[in-house]
Structure formats: structure tokens, C-alpha cells
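K.L.:
I am sharing final04.txt, which consists of compact mmCIF, N, CA and C atoms:
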```txt
# COMPACT_ATOMS: atom_id res chain seq x y z
N MET O 24 39.82 57.66 11.56
CA MET O 24 39.73 56.57 12.49
C MET O 24 38.74 56.92 13.60
N PRO O 25 37.77 56.07 13.82
CA PRO O 25 36.77 56.37 14.85
C PRO O 25 37.38 56.49 16.25
N TRP O 26 38.39 55.71 16.55
CA TRP O 26 38.97 55.73 17.88
C TRP O 26 39.62 57.09 18.17
N LEU O 27 40.32 57.64 17.20
CA LEU O 27 40.94 58.96 17.38
C LEU O 27 39.89 60.05 17.51
N ARG O 28 38.81 59.94 16.71
CA ARG O 28 37.72 60.92 16.82
C ARG O 28 37.07 60.85 18.19
N PHE O 29 36.93 59.63 18.72
CA PHE O 29 36.34 59.48 20.05
C PHE O 29 37.19 60.19 21.10
N TRP O 30 38.50 59.96 21.10
CA TRP O 30 39.34 60.58 22.12
C TRP O 30 39.42 62.09 21.94
N LYS O 31 39.42 62.56 20.71
CA LYS O 31 39.41 64.00 20.47
C LYS O 31 38.13 64.62 21.04
N GLY O 32 37.00 64.00 20.78
CA GLY O 32 35.74 64.50 21.32
C GLY O 32 35.68 64.38 22.84
N TRP O 33 36.25 63.32 23.38
CA TRP O 33 36.26 63.14 24.84
C TRP O 33 37.06 64.23 25.51
N ILE O 34 38.23 64.56 24.97
CA ILE O 34 39.07 65.59 25.55
C ILE O 34 38.41 66.96 25.44
N GLU O 35 37.78 67.23 24.29
CA GLU O 35 37.13 68.52 24.10
C GLU O 35 35.92 68.70 25.03
N SER O 36 35.21 67.63 25.31
CA SER O 36 33.99 67.73 26.12
C SER O 36 34.22 67.50 27.60
N PHE O 37 35.44 67.17 28.00
CA PHE O 37 35.69 66.81 29.40
C PHE O 37 35.36 67.94 30.37
N LYS O 38 35.81 69.15 30.06
CA LYS O 38 35.60 70.28 30.98
C LYS O 38 34.11 70.57 31.15
N GLN O 39 33.38 70.65 30.05
CA GLN O 39 31.95 70.91 30.15
C GLN O 39 31.23 69.78 30.85
N SER O 40 31.63 68.55 30.59
CA SER O 40 30.99 67.41 31.25
C SER O 40 31.19 67.45 32.75
N MET O 41 32.37 67.81 33.19
CA MET O 41 32.64 67.89 34.63
C MET O 41 31.90 69.05 35.27
N ILE O 42 31.77 70.16 34.55
CA ILE O 42 31.01 71.30 35.07
C ILE O 42 29.55 70.92 35.25
N VAL O 43 29.04 70.09 34.37
CA VAL O 43 27.64 69.65 34.43
C VAL O 43 27.46 68.54 35.46
N TRP O 44 28.33 67.55 35.43
CA TRP O 44 28.09 66.31 36.18
C TRP O 44 28.43 66.43 37.65
N THR O 45 29.45 67.18 38.01
CA THR O 45 29.88 67.26 39.40
C THR O 45 28.80 67.82 40.32
N PRO O 46 28.16 68.95 40.01
CA PRO O 46 27.09 69.42 40.90
C PRO O 46 25.89 68.47 40.95
N ALA O 47 25.57 67.82 39.84
CA ALA O 47 24.43 66.90 39.84
C ALA O 47 24.70 65.69 40.72
N VAL O 48 25.89 65.14 40.64
CA VAL O 48 26.23 63.99 41.48
C VAL O 48 26.29 64.40 42.94
N ALA O 49 26.82 65.59 43.22
CA ALA O 49 26.87 66.07 44.61
C ALA O 49 25.46 66.27 45.17
N LEU O 50 24.56 66.84 44.37
CA LEU O 50 23.19 67.04 44.84
C LEU O 50 22.48 65.72 45.07
N CYS O 51 22.62 64.79 44.14
CA CYS O 51 21.98 63.49 44.32
C CYS O 51 22.57 62.72 45.50
N ALA O 52 23.88 62.84 45.73
CA ALA O 52 24.49 62.19 46.89
C ALA O 52 24.00 62.82 48.19
N LEU O 53 23.83 64.12 48.21
CA LEU O 53 23.30 64.80 49.39
C LEU O 53 21.87 64.35 49.68
N VAL O 54 21.06 64.24 48.65
CA VAL O 54 19.68 63.78 48.83
C VAL O 54 19.66 62.33 49.32
N ALA O 55 20.52 61.50 48.75
CA ALA O 55 20.56 60.10 49.19
C ALA O 55 21.02 60.00 50.65
N PHE O 56 22.00 60.79 51.04
CA PHE O 56 22.48 60.78 52.42
C PHE O 56 21.39 61.26 53.37
N ASN O 57 20.70 62.34 53.00
CA ASN O 57 19.62 62.85 53.85
C ASN O 57 18.46 61.87 53.93
N THR O 58 18.17 61.19 52.85
CA THR O 58 17.10 60.20 52.86
C THR O 58 17.45 59.04 53.80
N ALA O 59 18.70 58.65 53.82
CA ALA O 59 19.11 57.51 54.62
C ALA O 59 19.25 57.85 56.10
N TYR O 60 19.75 59.05 56.41
CA TYR O 60 20.13 59.32 57.80
C TYR O 60 19.42 60.50 58.46
N ALA O 61 18.65 61.27 57.74
CA ALA O 61 18.04 62.45 58.34
C ALA O 61 16.80 62.06 59.15
N ASP O 62 16.60 62.76 60.22
CA ASP O 62 15.43 62.54 61.07
C ASP O 62 14.46 63.69 60.84
N VAL O 63 13.86 63.70 59.65
CA VAL O 63 12.93 64.75 59.25
C VAL O 63 11.64 64.11 58.77
N PRO O 64 10.58 64.89 58.67
CA PRO O 64 9.32 64.33 58.15
C PRO O 64 9.47 63.83 56.72
N ARG O 65 8.61 62.92 56.36
CA ARG O 65 8.67 62.29 55.03
C ARG O 65 8.42 63.28 53.90
N VAL O 66 7.73 64.37 54.18
CA VAL O 66 7.47 65.38 53.15
C VAL O 66 8.78 65.97 52.65
N PHE O 67 9.70 66.24 53.55
CA PHE O 67 10.98 66.81 53.16
C PHE O 67 11.82 65.80 52.37
N ILE O 68 11.72 64.53 52.74
CA ILE O 68 12.44 63.49 52.01
C ILE O 68 11.87 63.36 50.60
N LEU O 69 10.54 63.40 50.48
CA LEU O 69 9.91 63.34 49.16
C LEU O 69 10.31 64.54 48.31
N GLY O 70 10.35 65.72 48.92
CA GLY O 70 10.80 66.90 48.19
C GLY O 70 12.23 66.77 47.71
N GLY O 71 13.09 66.19 48.54
CA GLY O 71 14.47 65.97 48.12
C GLY O 71 14.58 64.99 46.98
N ILE O 72 13.76 63.96 47.00
CA ILE O 72 13.78 62.98 45.91
C ILE O 72 13.30 63.62 44.61
N ILE O 73 12.31 64.48 44.69
CA ILE O 73 11.83 65.18 43.50
C ILE O 73 12.92 66.10 42.95
N ILE O 74 13.63 66.79 43.84
CA ILE O 74 14.73 67.66 43.41
C ILE O 74 15.84 66.82 42.77
N ALA O 75 16.14 65.66 43.34
CA ALA O 75 17.18 64.79 42.77
C ALA O 75 16.77 64.28 41.39
N CYS O 76 15.49 63.96 41.21
CA CYS O 76 15.01 63.53 39.89
C CYS O 76 15.16 64.66 38.87
N ALA O 77 14.82 65.87 39.28
CA ALA O 77 14.97 67.01 38.38
C ALA O 77 16.44 67.24 38.04
N ALA O 78 17.32 67.09 39.02
CA ALA O 78 18.76 67.24 38.76
C ALA O 78 19.26 66.16 37.81
N ALA O 79 18.75 64.95 37.96
CA ALA O 79 19.17 63.87 37.06
C ALA O 79 18.70 64.13 35.63
N ILE O 80 17.47 64.62 35.47
CA ILE O 80 16.96 64.94 34.14
C ILE O 80 17.83 66.01 33.49
N VAL O 81 18.10 67.07 34.23
CA VAL O 81 18.89 68.17 33.68
C VAL O 81 20.31 67.70 33.36
N ALA O 82 20.91 66.90 34.26
CA ALA O 82 22.29 66.45 34.04
C ALA O 82 22.39 65.54 32.82
N VAL O 83 21.48 64.60 32.69
CA VAL O 83 21.54 63.69 31.54
C VAL O 83 21.27 64.45 30.24
N ALA O 84 20.30 65.34 30.25
CA ALA O 84 20.02 66.13 29.05
C ALA O 84 21.21 67.04 28.71
N LEU O 85 21.85 67.60 29.73
CA LEU O 85 23.03 68.42 29.48
C LEU O 85 24.17 67.59 28.89
N LEU O 86 24.36 66.40 29.40
CA LEU O 86 25.43 65.56 28.85
C LEU O 86 25.14 65.14 27.42
N VAL O 87 23.88 64.92 27.10
CA VAL O 87 23.52 64.59 25.72
C VAL O 87 23.80 65.79 24.81
N ILE O 88 23.49 66.99 25.28
CA ILE O 88 23.74 68.19 24.49
C ILE O 88 25.24 68.43 24.33
N VAL O 89 26.00 68.23 25.41
CA VAL O 89 27.46 68.39 25.32
C VAL O 89 28.06 67.38 24.35
N ALA O 90 27.51 66.18 24.31
CA ALA O 90 28.04 65.15 23.42
C ALA O 90 27.70 65.41 21.95
N ASN O 91 26.63 66.13 21.69
CA ASN O 91 26.18 66.31 20.31
C ASN O 91 26.43 67.69 19.73
N PHE O 92 26.60 68.70 20.57
CA PHE O 92 26.76 70.07 20.09
C PHE O 92 27.93 70.73 20.79
N THR O 93 28.33 71.89 20.28
CA THR O 93 29.35 72.69 20.95
C THR O 93 28.75 74.05 21.25
N PHE O 94 28.10 74.15 22.38
CA PHE O 94 27.60 75.43 22.88
C PHE O 94 28.54 75.95 23.94
N ARG O 95 28.49 77.25 24.19
CA ARG O 95 29.26 77.80 25.30
C ARG O 95 28.70 77.24 26.60
N THR O 96 29.57 77.14 27.59
CA THR O 96 29.16 76.55 28.87
C THR O 96 28.05 77.37 29.51
N ARG O 97 28.13 78.68 29.42
CA ARG O 97 27.09 79.50 30.06
C ARG O 97 25.74 79.41 29.35
N ASP O 98 25.73 78.94 28.10
CA ASP O 98 24.47 78.79 27.36
C ASP O 98 23.85 77.40 27.53
N LEU O 99 24.58 76.47 28.11
CA LEU O 99 24.10 75.09 28.19
C LEU O 99 22.79 74.96 28.97
N PHE O 100 22.68 75.66 30.08
CA PHE O 100 21.48 75.50 30.90
C PHE O 100 20.23 76.04 30.21
N SER O 101 20.37 77.15 29.49
CA SER O 101 19.20 77.64 28.75
C SER O 101 18.86 76.71 27.59
N VAL O 102 19.87 76.13 26.96
CA VAL O 102 19.62 75.19 25.86
C VAL O 102 18.92 73.94 26.38
N VAL O 103 19.35 73.43 27.54
CA VAL O 103 18.71 72.22 28.07
C VAL O 103 17.28 72.52 28.51
N MET O 104 17.01 73.69 29.05
CA MET O 104 15.64 74.02 29.42
C MET O 104 14.77 74.12 28.17
N TYR O 105 15.31 74.69 27.09
CA TYR O 105 14.57 74.74 25.84
C TYR O 105 14.36 73.33 25.29
N GLY O 106 15.39 72.50 25.35
CA GLY O 106 15.28 71.15 24.81
C GLY O 106 14.29 70.29 25.56
N THR O 107 14.31 70.35 26.89
CA THR O 107 13.36 69.53 27.64
C THR O 107 11.94 70.08 27.56
N ALA O 108 11.80 71.39 27.38
CA ALA O 108 10.46 71.95 27.21
C ALA O 108 9.89 71.63 25.83
N SER O 109 10.76 71.57 24.81
CA SER O 109 10.26 71.29 23.47
C SER O 109 10.01 69.80 23.24
N ALA O 110 10.64 68.94 24.04
CA ALA O 110 10.44 67.49 23.93
C ALA O 110 10.24 66.91 25.33
N PRO O 111 9.07 67.13 25.94
CA PRO O 111 8.88 66.66 27.32
C PRO O 111 8.89 65.15 27.47
N LEU O 112 8.59 64.42 26.41
CA LEU O 112 8.66 62.96 26.50
C LEU O 112 10.11 62.48 26.66
N GLY O 113 11.05 63.30 26.22
CA GLY O 113 12.45 62.98 26.44
C GLY O 113 12.79 63.00 27.92
N ALA O 114 12.25 63.99 28.64
CA ALA O 114 12.47 64.04 30.10
C ALA O 114 11.84 62.85 30.79
N LEU O 115 10.65 62.48 30.36
CA LEU O 115 9.99 61.30 30.92
C LEU O 115 10.78 60.03 30.60
N GLY O 116 11.34 59.98 29.42
CA GLY O 116 12.17 58.84 29.05
C GLY O 116 13.46 58.76 29.86
N ILE O 117 14.04 59.92 30.18
CA ILE O 117 15.24 59.94 31.02
C ILE O 117 14.91 59.41 32.41
N ILE O 118 13.76 59.84 32.96
CA ILE O 118 13.34 59.33 34.27
C ILE O 118 13.13 57.81 34.19
N SER O 119 12.47 57.35 33.13
CA SER O 119 12.20 55.92 32.99
C SER O 119 13.49 55.12 32.87
N THR O 120 14.45 55.64 32.12
CA THR O 120 15.73 54.95 31.97
C THR O 120 16.48 54.91 33.30
N THR O 121 16.41 55.99 34.06
CA THR O 121 17.06 56.03 35.37
C THR O 121 16.41 55.03 36.33
N ILE O 122 15.09 54.96 36.31
CA ILE O 122 14.38 53.99 37.15
C ILE O 122 14.71 52.57 36.72
N LEU O 123 14.79 52.34 35.41
CA LEU O 123 15.16 51.02 34.91
C LEU O 123 16.57 50.62 35.36
N ALA O 124 17.50 51.57 35.30
CA ALA O 124 18.87 51.29 35.75
C ALA O 124 18.90 51.00 37.25
N GLY O 125 18.14 51.77 38.02
CA GLY O 125 18.07 51.49 39.45
C GLY O 125 17.46 50.15 39.76
N ALA O 126 16.44 49.75 39.00
CA ALA O 126 15.81 48.45 39.22
C ALA O 126 16.77 47.31 38.88
N VAL O 127 17.56 47.48 37.82
CA VAL O 127 18.54 46.45 37.46
C VAL O 127 19.56 46.28 38.58
N VAL O 128 20.03 47.39 39.13
CA VAL O 128 21.00 47.31 40.23
C VAL O 128 20.34 46.73 41.48
N PHE O 129 19.11 47.11 41.76
CA PHE O 129 18.44 46.64 42.97
C PHE O 129 18.14 45.14 42.91
N PHE O 130 17.62 44.69 41.77
CA PHE O 130 17.20 43.30 41.68
C PHE O 130 18.33 42.33 41.30
N TRP O 131 19.32 42.81 40.55
CA TRP O 131 20.41 41.92 40.16
C TRP O 131 21.73 42.42 40.72
N SER O 132 22.45 43.19 39.94
CA SER O 132 23.76 43.64 40.38
C SER O 132 24.21 44.82 39.51
N ASP O 133 25.19 45.55 40.01
CA ASP O 133 25.73 46.62 39.20
C ASP O 133 26.52 46.08 38.01
N TRP O 134 26.99 44.83 38.12
CA TRP O 134 27.68 44.22 36.99
C TRP O 134 26.72 43.95 35.84
N VAL O 135 25.50 43.62 36.15
CA VAL O 135 24.49 43.41 35.10
C VAL O 135 24.21 44.73 34.39
N LEU O 136 24.14 45.82 35.16
CA LEU O 136 23.96 47.14 34.55
C LEU O 136 25.15 47.49 33.67
N LEU O 137 26.33 47.12 34.10
CA LEU O 137 27.51 47.37 33.28
C LEU O 137 27.44 46.58 31.97
N LEU O 138 26.95 45.35 32.03
CA LEU O 138 26.80 44.56 30.80
C LEU O 138 25.71 45.13 29.89
N LEU O 139 24.70 45.76 30.48
CA LEU O 139 23.61 46.34 29.70
C LEU O 139 23.84 47.80 29.32
N ALA O 140 25.00 48.34 29.65
CA ALA O 140 25.25 49.78 29.46
C ALA O 140 25.11 50.20 28.01
N SER O 141 25.64 49.42 27.06
CA SER O 141 25.52 49.82 25.67
C SER O 141 24.08 49.85 25.20
N PHE O 142 23.30 48.87 25.64
CA PHE O 142 21.88 48.86 25.26
C PHE O 142 21.13 50.02 25.90
N MET O 143 21.51 50.35 27.13
CA MET O 143 20.87 51.49 27.80
C MET O 143 21.22 52.80 27.09
N LEU O 144 22.44 52.91 26.58
CA LEU O 144 22.83 54.12 25.86
C LEU O 144 22.11 54.23 24.52
N VAL O 145 21.92 53.09 23.85
CA VAL O 145 21.14 53.11 22.60
C VAL O 145 19.70 53.53 22.91
N LEU O 146 19.15 53.00 23.99
CA LEU O 146 17.80 53.38 24.40
C LEU O 146 17.73 54.87 24.72
N LEU O 147 18.72 55.39 25.43
CA LEU O 147 18.75 56.81 25.74
C LEU O 147 18.88 57.65 24.48
N ALA O 148 19.69 57.21 23.54
CA ALA O 148 19.85 57.95 22.28
C ALA O 148 18.53 58.00 21.51
N ARG O 149 17.77 56.91 21.53
CA ARG O 149 16.46 56.91 20.85
C ARG O 149 15.47 57.81 21.58
N ILE O 150 15.57 57.85 22.90
CA ILE O 150 14.62 58.65 23.68
C ILE O 150 14.84 60.14 23.46
N VAL O 151 16.09 60.59 23.44
CA VAL O 151 16.36 62.03 23.36
C VAL O 151 16.51 62.53 21.93
N ARG O 152 16.35 61.66 20.96
CA ARG O 152 16.50 62.09 19.56
C ARG O 152 15.56 63.24 19.18
N PRO O 153 14.28 63.26 19.57
CA PRO O 153 13.44 64.42 19.23
C PRO O 153 13.98 65.73 19.83
N MET O 154 14.55 65.67 21.01
CA MET O 154 15.12 66.86 21.62
C MET O 154 16.33 67.34 20.82
N ILE O 155 17.17 66.42 20.38
CA ILE O 155 18.35 66.79 19.59
C ILE O 155 17.94 67.39 18.26
N ILE O 156 16.94 66.80 17.62
CA ILE O 156 16.46 67.33 16.33
C ILE O 156 15.88 68.72 16.51
N GLN O 157 15.11 68.93 17.57
CA GLN O 157 14.52 70.25 17.82
C GLN O 157 15.59 71.30 18.10
N ILE O 158 16.58 70.97 18.90
CA ILE O 158 17.66 71.91 19.18
C ILE O 158 18.44 72.22 17.92
N HIS O 159 18.71 71.20 17.12
CA HIS O 159 19.45 71.42 15.87
C HIS O 159 18.65 72.30 14.92
N ALA O 160 17.36 72.09 14.86
CA ALA O 160 16.54 72.88 13.93
C ALA O 160 16.40 74.32 14.36
N ASP O 161 16.32 74.58 15.66
CA ASP O 161 16.03 75.93 16.13
C ASP O 161 17.25 76.73 16.60
N LEU O 162 18.28 76.06 17.10
CA LEU O 162 19.37 76.80 17.74
C LEU O 162 20.72 76.69 17.04
N VAL O 163 20.82 75.86 16.01
CA VAL O 163 22.10 75.69 15.32
C VAL O 163 22.00 76.35 13.97
N GLU O 164 23.09 76.96 13.53
CA GLU O 164 23.12 77.64 12.24
C GLU O 164 22.83 76.67 11.10
N PRO O 165 22.07 77.12 10.12
CA PRO O 165 21.81 76.26 8.96
C PRO O 165 23.11 75.94 8.22
N GLY O 166 23.22 74.69 7.77
CA GLY O 166 24.40 74.29 7.02
C GLY O 166 25.58 73.91 7.87
N SER O 167 25.40 73.78 9.18
CA SER O 167 26.54 73.46 10.03
C SER O 167 26.77 71.96 10.16
N GLY O 168 25.99 71.18 9.48
CA GLY O 168 26.20 69.73 9.50
C GLY O 168 24.93 69.00 9.85
N PRO O 169 24.86 67.74 9.47
CA PRO O 169 23.65 66.96 9.73
C PRO O 169 23.58 66.50 11.18
N VAL O 170 22.38 66.19 11.61
CA VAL O 170 22.18 65.60 12.92
C VAL O 170 22.51 64.12 12.81
N THR O 171 23.33 63.64 13.73
CA THR O 171 23.70 62.22 13.68
C THR O 171 22.76 61.40 14.51
```
Could you rewrite the structure in this file as C-alpha cells?
P.N.:
Amino acid sequence: MPWLRFWKGWIESFKQSMIVWTPAVALCALVAFNTAYADVPRVFILGGIIIACAAAIVAVALLVIVANFTFRTRDLFSVVMYGTASAPLGALGIISTTILAGAVVFFWSDWVLLLLASFMLVLLARIVRPMIIQIHADLVEPGSGPVT
């Protein structure tokens, strides 16, 4: 049953997902707060935005890896660096998808983004597919199963 497989995978990946997602959300929230309320030169704000974009790329790529593979938590960051370096268009696609999601929220509503969430996930899956194939080919044992 697909529903039972989904919940089994969700429970197994919950700890790693929280380890990945919590620092990324905290960093992006800190950058957003500093951008809104800090009285600093624009260069520092631009640097913070660049750091937040890098954190978003790493967090989304890590979540894709957690959803598709079972690596140890301490190996995840090296795997994501390898994955984004071997498929740099995937990182650019993650940035583009994030900008698209922000534009949907800015111009319409967060409810519209919620309605488009499945399409955005299909788009994200198509964007990061070369990264997943490269990681599977280079870092996963042969015969451990097909790439989905």
C-alpha cells in the first residue's frame, strides 16, 4: 500500500529532515529579520541574502537526498556538496524554484502556492534528477535498487 510506505518513509526520515531543516530555517529567519530591522550598510544585507540563498540550496538538496537515499547523517553534507558540484544546474534550478515560489506568494497569496505545491514538487523532482542519478551512480553500491 502506497500510504503505508509513505508513513514508514516519513517516520524514518523525520530525524534527519529536522537536523537538516531546522538550522536552515533559523539561518534564513535570522537573515530576514536582519534585512528588515538592522541598521547596517547594504553590503552586509546583500551578503546575508547570498548566505541565505546558499543555505536554501543546501537545505533543499539535503532534503532531496534524505528523501531518496539512506546515508548516515554525518555523511549528508559531503554527499550534498558532491551532488551540487556534479550537477550545478540543479542548484540553479533550486534557486529558480525558490524565486518562483516567492513571486507566487508576493504577487498572489500563500494559498495559491499551496494549490501549486504538487506542481512545484514535480518541477523540483525534474530539476534535481541529474543530481540523484549522479549520486546513485557514484556513491551507492551496485545492485542496491533502481533510481526512482
K.L.:
For segment 32-50 of chain O, what centre and edge lengths in Å (one decimal) does the axis-aligned box get once 3 Å is added on each side of all its listed atoms, as AutoDock Vina command-line options?
P.N.:
```
--center_x 30.8 --center_y 67.2 --center_z 33.0 --size_x 22.6 --size_y 14.2 --size_z 30.4
```
K.L.:
Please indicate the distance in Å from atom CA of Leu136 of chain O to atom C of Ile42 of chain O, rounded to one decimal place.
P.N.:
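Value for the atom CA of Leu136 of chain O-atom C of Ile42 of chain O distance: 24.4 Å.
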K.L.:
So that I can see what lies close to Val48 of chain O, please list as an mmCIF file with N, CA and C atoms, keeping the file's coordinate frame the residues with an atom at most 8 Å from it, counting all atoms listed in the file and leaving out residues fewer than 6 positions away in the same chain.
P.N.:
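Everything below was put into part-v2.cif:
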```cif
data_model
loop_
_atom_site.group_PDB
_atom_site.id
_atom_site.type_symbol
_atom_site.label_atom_id
_atom_site.label_comp_id
_atom_site.auth_asym_id
_atom_site.auth_seq_id
_atom_site.Cartn_x
_atom_site.Cartn_y
_atom_site.Cartn_z
ATOM 1 N N VAL O 54 21.060 64.240 48.650
ATOM 2 C CA VAL O 54 19.680 63.780 48.830
ATOM 3 C C VAL O 54 19.660 62.330 49.320
ATOM 4 N N ALA O 78 17.320 67.090 39.020
ATOM 5 C CA ALA O 78 18.760 67.240 38.760
ATOM 6 C C ALA O 78 19.260 66.160 37.810
ATOM 7 N N ALA O 79 18.750 64.950 37.960
ATOM 8 C CA ALA O 79 19.170 63.870 37.060
ATOM 9 C C ALA O 79 18.700 64.130 35.630
ATOM 10 N N ALA O 82 20.910 66.900 34.260
ATOM 11 C CA ALA O 82 22.290 66.450 34.040
ATOM 12 C C ALA O 82 22.390 65.540 32.820
#
```
K.L.:
Measuring between only C-alpha atoms, which one of O:Met154, O:Met104, O:Leu50, O:Val43 shows the shortest distance to Cys76 of chain O?
P.N.:
O:Leu50
K.L.:
In Å to one decimal, how far is atom C of Ile150 of chain O from atom CA of Arg95 of chain O?
P.N.:
22.9 Å
K.L.:
For atom CA of Phe142 of chain O and atom C of Leu162 of chain O, quote the distance in Å rounded to one decimal.
P.N.:
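Separation of atom CA of Phe142 of chain O and atom C of Leu162 of chain O: 29.0 Å.
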K.L.:
Between O:Ser132, O:Thr120, O:Thr107, O:Ser36, which one has atoms that come closest to Ala84 of chain O, using all atoms listed in the file?
P.N.:
O:Thr107
K.L.:
Looking at only C-alpha atoms, which of O:Trp44, O:Trp30, O:Tyr60, O:Phe129 is the one that sits closest to Val87 of chain O?
P.N.:
O:Trp44
K.L.:
Determine, counting only C-alpha atoms, which protein, DNA and RNA residues have an atom within 12 Å of an atom of Ala108 of chain O; residues of the same chain fewer than 4 positions away are not included. Present the result as a ChimeraX atom specification.
P.N.:
/O:80-81,84,101-104,112-115,153-154,157-158
K.L.:
For Phe94 of chain O, work out the shell of residues within 10 Å, counting only C-alpha atoms and skipping chain neighbours fewer than 4 positions away, then give it as a PyMOL selection string.
P.N.:
chain O and resi 39+88-89+98-99+102+162-163
K.L.:
Between O:Ala55, O:Ala110, O:Ala77, O:Ala47, which residue has the minimum interatomic distance to Val151 of chain O, considering only C-alpha atoms?
P.N.:
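Nearest candidate to Val151 of chain O out of O:Ala55, O:Ala110, O:Ala77, O:Ala47: O:Ala110.
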